[in-house]
$ cat input-v7.txt   # compact mmCIF, C-alpha atoms and all ligand atoms
# COMPACT_ATOMS: atom_id res chain seq x y z
CA MET Z 72 -84.97 -2.02 41.27
CA GLY Z 73 -87.69 -4.58 41.76
CA LEU Z 74 -85.43 -7.61 41.87
CA ASP Z 75 -86.06 -10.31 44.41
CA ALA Z 76 -83.27 -12.36 45.99
CA ASP Z 77 -83.68 -15.14 43.48
CA GLN Z 78 -83.23 -12.83 40.50
CA VAL Z 79 -80.20 -11.21 42.09
CA GLN Z 80 -78.63 -14.63 42.57
CA ARG Z 81 -79.19 -15.50 38.94
CA LEU Z 82 -77.71 -12.22 37.76
CA LEU Z 83 -74.63 -12.70 39.89
CA ALA Z 84 -74.19 -16.20 38.52
CA MET Z 85 -74.37 -14.87 34.97
CA VAL Z 86 -71.77 -12.22 35.66
CA ALA Z 87 -69.45 -14.72 37.29
CA ASP Z 88 -69.83 -17.02 34.29
CA THR Z 89 -68.74 -14.47 31.73
CA ARG Z 90 -65.06 -13.77 31.99
CA ASP Z 91 -63.65 -10.54 30.58
CA GLU Z 92 -61.09 -12.17 28.43
CA GLU Z 93 -63.49 -14.34 26.48
CA ILE Z 94 -63.93 -13.44 22.84
CA ASP Z 95 -66.66 -14.31 20.39
CA CYS Z 96 -66.37 -15.89 16.94
CA GLY Z 97 -66.18 -12.50 15.23
CA HIS Z 98 -63.14 -11.50 17.24
CA CYS Z 99 -61.66 -14.92 16.78
CA LEU Z 100 -61.99 -14.84 12.99
CA ALA Z 101 -60.72 -11.26 12.83
CA GLY Z 102 -57.44 -12.28 14.44
CA MET Z 103 -57.26 -15.71 12.86
CA ALA Z 104 -54.80 -14.90 10.04
CA GLU Z 105 -52.36 -13.42 12.51
CA PHE Z 106 -52.80 -16.34 14.85
CA VAL Z 107 -52.06 -18.87 12.09
CA GLU Z 108 -49.01 -16.94 11.01
CA VAL Z 109 -47.61 -16.76 14.52
CA SER Z 110 -48.34 -20.40 15.23
CA LEU Z 111 -46.59 -21.45 12.01
CA LEU Z 112 -43.59 -19.30 12.82
CA GLY Z 113 -43.57 -20.65 16.34
CA THR Z 114 -43.14 -17.22 17.89
CA GLU Z 115 -44.68 -16.28 21.19
CA LEU Z 116 -48.41 -15.57 21.36
CA THR Z 117 -49.56 -12.13 22.37
CA GLU Z 118 -52.38 -11.87 24.88
CA ALA Z 119 -54.88 -11.29 22.09
CA LEU Z 120 -53.66 -14.36 20.24
CA ALA Z 121 -53.77 -16.44 23.39
CA ARG Z 122 -57.45 -15.58 23.64
CA ILE Z 123 -57.97 -16.81 20.12
CA GLU Z 124 -56.22 -20.04 20.99
CA GLU Z 125 -58.49 -20.41 23.98
CA HIS Z 126 -61.56 -19.76 21.84
CA LEU Z 127 -60.43 -22.40 19.36
CA THR Z 128 -60.39 -25.05 22.06
CA THR Z 129 -64.03 -24.34 22.87
CA CYS Z 130 -65.47 -23.56 19.43
CA PRO Z 131 -65.58 -26.35 16.80
CA GLU Z 132 -66.54 -23.94 14.01
CA CYS Z 133 -63.60 -21.61 14.50
CA SER Z 134 -61.36 -24.58 15.08
CA GLU Z 135 -62.31 -25.96 11.68
CA GLU Z 136 -61.71 -22.58 10.08
CA TYR Z 137 -58.30 -22.47 11.72
CA ALA Z 138 -57.35 -25.94 10.46
CA LEU Z 139 -58.26 -24.97 6.90
CA LEU Z 140 -56.38 -21.69 6.99
CA ARG Z 141 -53.33 -23.29 8.53
CA GLU Z 142 -53.31 -25.93 5.83
CA LEU Z 143 -53.54 -23.29 3.11
CA LEU Z 144 -50.75 -21.17 4.54
CA ARG Z 145 -48.49 -24.14 5.08
CA GLU Z 146 -48.91 -25.23 1.46
CA GLY Z 147 -48.22 -21.69 0.33
CA ALA Z 148 -45.04 -21.53 2.38
CA ASN Z 149 -43.73 -24.80 0.97
CA SER Z 150 -44.24 -24.05 -2.69
ZN ZN Z 201 -65.95 -19.39 17.41
$ encode --input "input-v7.txt" --output "structure tokens"
Amino acid sequence: MGLDADQVQRLLAMVADTRDEEIDCGHCLAGMAEFVEVSLLGTELTEALARIEEHLTTCPECSEEYALLRELLREGANS
């Protein structure tokens, strides 16, 4: 490949930045209902749900979605 040392360095930095266990918003939203349910029940998070929790701490959009869903489910459970 025609990469010079500088390009190789940048590629390596990109790879190091992206951790395997990170999920995107699509994955986060797909598992959101389960995550809310488990967090309301207070049972232990699976690895997949822990990733969602981690995503929520870094993503304001998903975090907002989570707050809304949690509110809805809590109201449903109380009525
Ligand atoms: Zn997100």
$ residues_near_point --input "input-v7.txt" --point "(-53.0, -18.0, 19.1)" --cutoff "8 Å" --atoms "all atoms listed in the file" --output "list in words"
Met103, Phe106, Val107, Val109, Ser110, Leu116, Thr117, Ala119, Leu120, Ala121, Arg122, Ile123, Glu124 and Glu125 of chain Z
$ residues_around --input "input-v7.txt" --residues "Arg141 in chain Z" --least-positions-apart "4" --cutoff "9 Å" --atoms "only C-alpha atoms" --output "list in words"
Ala104, Val107, Glu108, Ser110, Leu111, Glu136, Tyr137, Arg145 and Glu146 of chain Z
$ residues_near_ligand --input "input-v7.txt" --ligand "ligand ZN 201 (chain Z)" --cutoff "6 Å" --atoms "all atoms listed in the file" --output "list in words"
Asp95, Cys96, Cys130, Glu132 and Cys133 of chain Z
$ atom_distance --input "input-v7.txt" --atom1 "CA of Leu112 in chain Z" --atom2 "CA of Glu93 in chain Z"
24.6 Å
$ atom_distance --input "input-v7.txt" --atom1 "CA of Pro131 in chain Z" --atom2 "CA of Gly102 in chain Z"
16.4 Å
$ atom_distance --input "input-v7.txt" --atom1 "CA of Ile94 in chain Z" --atom2 "CA of Leu127 in chain Z"
10.2 Å
$ axis_aligned_box --input "input-v7.txt" --around "range 116-119 of chain Z" --padding-each-side "5 Å" --output "AutoDock Vina command-line options"
--center_x -51.6 --center_y -13.4 --center_z 23.1 --size_x 16.5 --size_y 14.3 --size_z 13.5
$ decode --input "input-v7.txt" --residues "range 79-141 of chain Z" --atoms "C-alpha atoms" --output "short mmCIF file (atom, residue, chain, number, x, y, z; two decimals), in the first residue's frame"
data_model
loop_
_atom_site.label_atom_id
_atom_site.label_comp_id
_atom_site.auth_asym_id
_atom_site.auth_seq_id
_atom_site.Cartn_x
_atom_site.Cartn_y
_atom_site.Cartn_z
CA VAL Z 79 -0.15 5.00 9.10
CA GLN Z 80 0.01 6.94 12.36
CA ARG Z 81 -3.36 8.50 11.70
CA LEU Z 82 -4.93 5.15 10.87
CA LEU Z 83 -3.57 3.60 14.04
CA ALA Z 84 -4.93 6.49 16.08
CA MET Z 85 -8.38 5.99 14.53
CA VAL Z 86 -8.37 2.29 15.31
CA ALA Z 87 -7.29 2.90 18.88
CA ASP Z 88 -10.06 5.46 19.28
CA THR Z 89 -12.86 3.13 18.28
CA ARG Z 90 -13.50 0.56 20.93
CA ASP Z 91 -15.27 -2.68 20.03
CA GLU Z 92 -17.93 -2.37 22.61
CA GLU Z 93 -19.21 1.01 21.49
CA ILE Z 94 -22.66 1.02 19.96
CA ASP Z 95 -24.38 3.57 17.76
CA CYS Z 96 -27.75 5.24 18.23
CA GLY Z 97 -29.54 2.57 16.19
CA HIS Z 98 -28.33 -0.19 18.49
CA CYS Z 99 -29.06 1.94 21.49
CA LEU Z 100 -32.65 2.61 20.47
CA ALA Z 101 -33.18 -1.03 19.49
CA GLY Z 102 -32.38 -2.16 23.02
CA MET Z 103 -33.89 0.84 24.76
CA ALA Z 104 -37.22 -0.73 25.79
CA GLU Z 105 -35.43 -3.64 27.42
CA PHE Z 106 -33.00 -1.31 29.11
CA VAL Z 107 -35.80 0.81 30.59
CA GLU Z 108 -37.62 -2.27 31.80
CA VAL Z 109 -34.54 -3.68 33.49
CA SER Z 110 -33.61 -0.36 35.04
CA LEU Z 111 -37.13 0.06 36.45
CA LEU Z 112 -37.09 -3.45 37.85
CA GLY Z 113 -33.65 -2.86 39.27
CA THR Z 114 -32.32 -6.17 38.01
CA GLU Z 115 -28.77 -6.61 36.86
CA LEU Z 116 -27.74 -5.25 33.47
CA THR Z 117 -26.55 -7.65 30.82
CA GLU Z 118 -23.45 -6.74 28.86
CA ALA Z 119 -25.57 -5.48 25.99
CA LEU Z 120 -27.60 -3.29 28.33
CA ALA Z 121 -24.47 -1.96 29.97
CA ARG Z 122 -23.37 -0.76 26.55
CA ILE Z 123 -26.64 1.06 26.15
CA GLU Z 124 -26.15 2.69 29.52
CA GLU Z 125 -22.70 3.77 28.44
CA HIS Z 126 -24.06 5.18 25.19
CA LEU Z 127 -26.69 7.14 27.10
CA THR Z 128 -24.02 8.93 29.10
CA THR Z 129 -22.38 10.15 25.90
CA CYS Z 130 -25.40 10.78 23.66
CA PRO Z 131 -27.87 13.55 24.61
CA GLU Z 132 -30.40 12.46 21.98
CA CYS Z 133 -30.68 8.88 23.18
CA SER Z 134 -30.58 10.08 26.74
CA GLU Z 135 -33.63 12.24 26.10
CA GLU Z 136 -35.39 9.33 24.43
CA TYR Z 137 -34.61 7.19 27.44
CA ALA Z 138 -35.99 9.76 29.89
CA LEU Z 139 -39.26 9.96 27.95
CA LEU Z 140 -39.67 6.22 27.68
CA ARG Z 141 -38.87 5.70 31.33
#
